[in-house]
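Trainee: Sharing run28.txt here; it has compact mmCIF, C-alpha atoms.
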```
# COMPACT_ATOMS: atom_id res chain seq x y z
CA MET A 10 0.00 0.00 0.00
CA GLU A 11 2.84 2.29 0.87
CA ASN A 12 4.45 1.76 -2.57
CA ALA A 13 1.16 2.49 -4.34
CA SER A 14 0.77 5.87 -2.59
CA LYS A 15 4.39 6.80 -3.43
CA ALA A 16 3.76 5.83 -7.06
CA LEU A 17 0.66 8.04 -7.14
CA LEU A 18 2.62 10.97 -5.66
CA MET A 19 5.37 10.50 -8.24
CA ALA A 20 2.86 10.31 -11.10
CA GLY A 21 1.12 13.44 -9.80
CA GLY A 22 4.48 15.25 -9.59
CA VAL A 23 5.37 14.27 -13.17
CA LEU A 24 1.92 15.34 -14.36
CA LEU A 25 2.27 18.68 -12.58
CA GLY A 26 5.73 19.16 -14.11
CA VAL A 27 4.43 18.45 -17.62
CA LEU A 28 1.56 20.86 -17.02
CA ILE A 29 3.95 23.64 -15.92
CA LEU A 30 6.24 23.02 -18.92
CA SER A 31 3.26 23.09 -21.30
CA LEU A 32 2.08 26.37 -19.82
CA ALA A 33 5.57 27.86 -20.16
CA VAL A 34 5.82 26.83 -23.82
CA PHE A 35 2.33 28.19 -24.53
CA LEU A 36 3.13 31.55 -22.94
CA PHE A 37 6.49 31.79 -24.70
CA THR A 38 5.01 31.21 -28.16
CA ASN A 39 2.03 33.45 -27.47
CA PHE A 40 4.15 36.38 -26.27
CA GLY A 41 6.64 35.81 -29.11
CA GLY A 42 3.86 36.10 -31.69
CA THR A 43 2.48 39.24 -30.05
CA SER A 44 5.92 40.82 -30.04
CA SER A 45 6.32 40.03 -33.73
CA ARG A 46 2.95 41.59 -34.57
CA ILE A 47 3.78 44.72 -32.58
CA HIS A 48 7.13 45.01 -34.35
CA ASP A 49 5.41 44.62 -37.76
CA ASN A 50 2.85 47.31 -36.84
CA ILE A 51 5.58 49.72 -35.75
CA GLU A 52 7.47 49.11 -38.99
CA GLU A 53 4.31 49.68 -41.08
CA ASN A 54 3.60 52.93 -39.22
CA GLN A 55 7.16 54.16 -39.78
CA THR A 56 6.94 53.36 -43.50
CA ALA A 57 3.57 55.12 -43.81
CA GLN A 58 4.94 58.17 -41.98
CA PHE A 59 8.00 58.24 -44.26
CA ASN A 60 5.87 57.89 -47.41
CA SER A 61 3.52 60.65 -46.28
CA GLN A 62 6.38 63.16 -46.60
CA PHE A 63 6.12 62.64 -50.37
CA THR A 64 2.51 61.57 -50.90
CA LYS A 65 1.09 64.69 -49.25
CA TYR A 66 2.00 66.58 -52.44
CA VAL A 67 0.11 64.19 -54.75
CA GLY A 68 -3.08 65.87 -55.95
CA ASN A 69 -2.03 69.24 -54.51
CA GLU A 70 -2.35 71.94 -57.17
CA ASN A 71 -0.14 74.47 -55.36
CA VAL A 72 3.17 72.61 -55.45
CA THR A 73 5.98 75.05 -56.26
CA ILE A 74 9.72 74.69 -56.75
CA HIS A 75 10.14 75.14 -52.98
CA ASP A 76 8.13 71.97 -52.36
CA VAL A 77 10.04 70.12 -55.08
CA VAL A 78 13.37 71.08 -53.51
CA THR A 79 12.03 69.99 -50.12
CA MET A 80 11.22 66.56 -51.55
CA ALA A 81 14.62 66.39 -53.24
CA ASN A 82 16.31 67.23 -49.93
CA LEU A 83 14.35 64.47 -48.18
CA ALA A 84 15.38 62.01 -50.89
CA THR A 85 19.00 63.15 -50.70
CA GLU A 86 19.08 62.73 -46.92
CA ASN A 87 17.55 59.27 -47.30
CA ASN A 88 20.11 58.29 -49.94
CA LYS A 89 22.96 59.58 -47.80
CA TYR A 90 21.64 57.74 -44.74
CA TYR A 91 21.76 54.45 -46.64
CA GLU A 92 25.10 55.48 -48.24
CA PHE A 93 23.86 55.24 -51.83
CA PRO A 94 25.81 57.18 -54.42
CA LYS A 95 23.85 59.15 -57.02
CA ARG A 96 22.63 56.65 -59.56
CA GLY A 97 22.93 56.90 -63.29
CA ASN A 98 20.05 54.52 -63.94
CA MET A 99 16.50 54.53 -62.66
CA PRO A 100 15.99 52.63 -59.40
CA SER A 101 14.02 49.41 -59.47
CA GLY A 102 12.58 49.74 -55.98
CA ASP A 103 14.66 46.83 -54.69
CA ASP A 104 16.34 49.04 -52.09
CA TYR A 105 15.69 52.33 -50.32
CA TYR A 106 17.12 54.70 -52.98
CA ILE A 107 14.74 57.54 -53.90
CA THR A 108 14.81 59.38 -57.23
CA VAL A 109 13.23 62.81 -57.72
CA LEU A 110 12.52 63.93 -61.28
CA LEU A 111 11.82 67.58 -62.12
CA ASP A 112 10.36 67.69 -65.64
CA GLY A 113 12.21 64.44 -66.38
CA VAL A 114 15.59 65.56 -64.95
CA ARG A 115 16.98 63.93 -61.82
CA ILE A 116 17.63 66.42 -59.06
CA GLU A 117 18.29 64.22 -56.00
CA TYR A 118 21.78 63.34 -54.83
CA GLY A 119 23.40 60.63 -52.84
CA TYR A 120 26.44 59.80 -50.82
CA GLY A 121 29.62 61.50 -52.06
CA ASN A 122 28.30 64.98 -52.83
CA THR A 123 29.15 67.70 -50.32
CA GLN A 124 26.33 69.60 -48.65
CA SER A 125 27.56 72.89 -50.11
CA GLU A 126 27.40 71.44 -53.66
CA ILE A 127 23.88 70.20 -53.11
CA THR A 128 22.75 73.46 -51.51
CA GLN A 129 24.23 75.48 -54.38
CA ARG A 130 22.47 73.35 -57.01
CA TYR A 131 19.13 73.61 -55.23
CA ASN A 132 19.57 77.35 -54.79
CA ASN A 133 20.21 77.59 -58.54
CA LEU A 134 16.91 75.79 -59.21
CA LEU A 135 15.09 78.18 -56.88
CA SER A 136 16.77 81.25 -58.40
CA ALA A 137 15.89 80.18 -61.93
CA GLN A 138 12.22 79.80 -60.99
CA VAL A 139 12.11 83.11 -59.14
CA GLY A 140 13.94 84.78 -62.04
CA ALA A 141 11.24 83.52 -64.41
CA ILE A 142 8.62 85.64 -62.66
CA THR A 143 7.67 88.55 -64.92
CA ASP A 144 5.56 91.67 -64.62
CA THR A 145 2.58 89.82 -66.10
CA SER A 146 2.87 86.73 -63.91
CA SER A 147 3.80 87.05 -60.26
CA GLU A 148 3.35 83.37 -59.43
CA LEU A 149 5.86 80.57 -59.37
CA LYS A 150 5.44 77.69 -61.77
CA LYS A 151 3.18 74.93 -60.38
CA TYR A 152 3.94 71.22 -60.51
CA LYS A 153 1.93 68.03 -60.57
CA VAL A 154 3.45 65.34 -58.36
CA GLN A 155 3.26 61.57 -58.90
CA VAL A 156 4.93 58.93 -56.75
CA GLU A 157 5.72 55.28 -57.35
CA MET A 158 5.83 52.78 -54.49
CA SER A 159 8.09 49.76 -54.39
CA GLU A 160 6.36 46.39 -54.17
CA LYS A 161 9.34 45.02 -52.27
CA THR A 162 10.05 47.74 -49.70
CA LYS A 163 6.57 49.39 -49.66
CA ARG A 164 8.32 52.77 -49.76
CA VAL A 165 8.26 55.63 -52.25
CA TYR A 166 11.15 55.22 -54.66
CA ILE A 167 10.34 57.64 -57.49
CA VAL A 168 8.87 61.13 -57.23
CA LYS A 169 7.91 62.76 -60.55
CA CYS A 170 7.30 66.52 -60.60
CA ASN A 171 6.01 67.84 -63.95
CA GLY A 172 5.16 71.45 -64.68
CA ILE A 173 1.52 72.29 -65.21
```
Could you rewrite the structure in this file as structure tokens?

Mentor:
Amino acid sequence: MENASKALLMAGGVLLGVLILSLAVFLFTNFGGTSSRIHDNIEENQTAQFNSQFTKYVGNENVTIHDVVTMANLATENNKYYEFPKRGNMPSGDDYYITVLLDGVRIEYGYGNTQSEITQRYNNLLSAQVGAITDTSSELKKYKVQVEMSEKTKRVYIVKCNGI
């Protein structure tokens, strides 16, 4: 009788141990999945916030050269952050490089250009637009903005600004 009660206690202890291990595994996988979903949501929000810096100009009829240069500066800072040199070919959207086209001409830069060079070139664009203002027209040229999103990265990778 004494051996039977010890066997029951041992079986109960093993059963309790298995129950505790099962609970631990369940909690670990459940919290791991939740953490992954939270991380994915944070990443999606960051991507949407980044894209909104460019997409807010789409459909806006009052986009001027100042806005275009702002977008080009954002693209240049992005390209420098990821250490991309200025590209000769159009990006495919496979990475985080952003191209800005002003009437078909690329105006963004990348890693390797000094800030003073970039600032001077953007100032030249601004000066040319301001210099084009005449006595009959006191407004800056307006632009229509289109963006293309990468299927792979879900980020804006081309910004097209065409004069209206």

Trainee: Go through segment 72-112 of chain A residue by residue and, counting all atoms listed in the file, keep those with an atom at most 10 Å from segment 145-149 of chain A; for each kept residue give the shortest atom pair and its distance in Å to one decimal, ordered by chain and increasing number, as a Markdown table.

Mentor:
```
| residue | atom | partner | partner_atom | distance |
| --- | --- | --- | --- | --- |
| A:Val72 | CA | A:Leu149 | CA | 9.3 |
| A:Thr73 | CA | A:Leu149 | CA | 6.3 |
| A:Ile74 | CA | A:Leu149 | CA | 7.5 |
| A:His75 | CA | A:Leu149 | CA | 9.4 |
```

Trainee: Quick one: residues within 8 Å of segment 152-159 of chain A, all atoms listed in the file counted, chain neighbours fewer than 6 positions away excluded, as an mmCIF file with C-alpha atoms, in the coordinates of the input?

Mentor:
```cif
data_model
loop_
_atom_site.group_PDB
_atom_site.id
_atom_site.type_symbol
_atom_site.label_atom_id
_atom_site.label_comp_id
_atom_site.auth_asym_id
_atom_site.auth_seq_id
_atom_site.Cartn_x
_atom_site.Cartn_y
_atom_site.Cartn_z
ATOM 1 C CA PHE A 63 6.120 62.640 -50.370
ATOM 2 C CA THR A 64 2.510 61.570 -50.900
ATOM 3 C CA TYR A 66 2.000 66.580 -52.440
ATOM 4 C CA VAL A 67 0.110 64.190 -54.750
ATOM 5 C CA GLY A 68 -3.080 65.870 -55.950
ATOM 6 C CA ASN A 69 -2.030 69.240 -54.510
ATOM 7 C CA GLU A 70 -2.350 71.940 -57.170
ATOM 8 C CA ASN A 71 -0.140 74.470 -55.360
ATOM 9 C CA VAL A 72 3.170 72.610 -55.450
ATOM 10 C CA THR A 73 5.980 75.050 -56.260
ATOM 11 C CA ILE A 74 9.720 74.690 -56.750
ATOM 12 C CA SER A 101 14.020 49.410 -59.470
ATOM 13 C CA GLY A 102 12.580 49.740 -55.980
ATOM 14 C CA ASP A 103 14.660 46.830 -54.690
ATOM 15 C CA VAL A 165 8.260 55.630 -52.250
ATOM 16 C CA TYR A 166 11.150 55.220 -54.660
ATOM 17 C CA ILE A 167 10.340 57.640 -57.490
ATOM 18 C CA VAL A 168 8.870 61.130 -57.230
ATOM 19 C CA LYS A 169 7.910 62.760 -60.550
ATOM 20 C CA CYS A 170 7.300 66.520 -60.600
ATOM 21 C CA ASN A 171 6.010 67.840 -63.950
ATOM 22 C CA GLY A 172 5.160 71.450 -64.680
ATOM 23 C CA ILE A 173 1.520 72.290 -65.210
#
```

Trainee: Counting all atoms listed in the file, figure out which residue out of A:Asn133, A:Gln55, A:Gln124, A:Ser44 gets nearest to Asn82 of chain A.

Mentor: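 For Asn82 of chain A, the nearest of the given residues is A:Gln124.
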
Trainee: Just give me the gap between atom CA of Thr79 of chain A and atom CA of Asn132 of chain A in Å, one decimal is fine.

Mentor: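 Those two atoms sit 11.5 Å apart.
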
Trainee: Identify, on the basis of only C-alpha atoms, every residue whose closest approach to segment 112-118 of chain A does not exceed 9 Å; exclude the query and any residue fewer than 2 positions from it along the same chain; express the result as a PyMOL selection string.

Mentor: chain A and resi 78+80-86+88-89+93-96+107-110+120-122+127+130-131+152+169-172

Trainee: Quick check, in Å to one decimal: how far apart do atom CA of Gln138 of chain A and atom CA of Lys150 of chain A lie?

Mentor: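 That distance, rounded to one decimal, is 7.1 Å.
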
Trainee: What does the structure give for the distance between atom CA of Asn60 of chain A and atom CA of Arg164 of chain A, in Å to one decimal?

Mentor: 6.1 Å

Trainee: Counting all atoms listed in the file, figure out which residue out of A:Ser31, A:Thr162, A:Asn12, A:Asn50 gets nearest to Tyr105 of chain A.

Mentor: A:Thr162

Trainee: Quick one: what's the axis-aligned box for segment 78-95 of chain A, all listed atoms, 5 Å on every side, centre and edges in Å to one decimal, as lines of an AutoDock Vina configuration file?

Mentor:
```
center_x = 18.5
center_y = 62.8
center_z = -50.9
size_x = 24.6
size_y = 26.6
size_z = 22.3
```
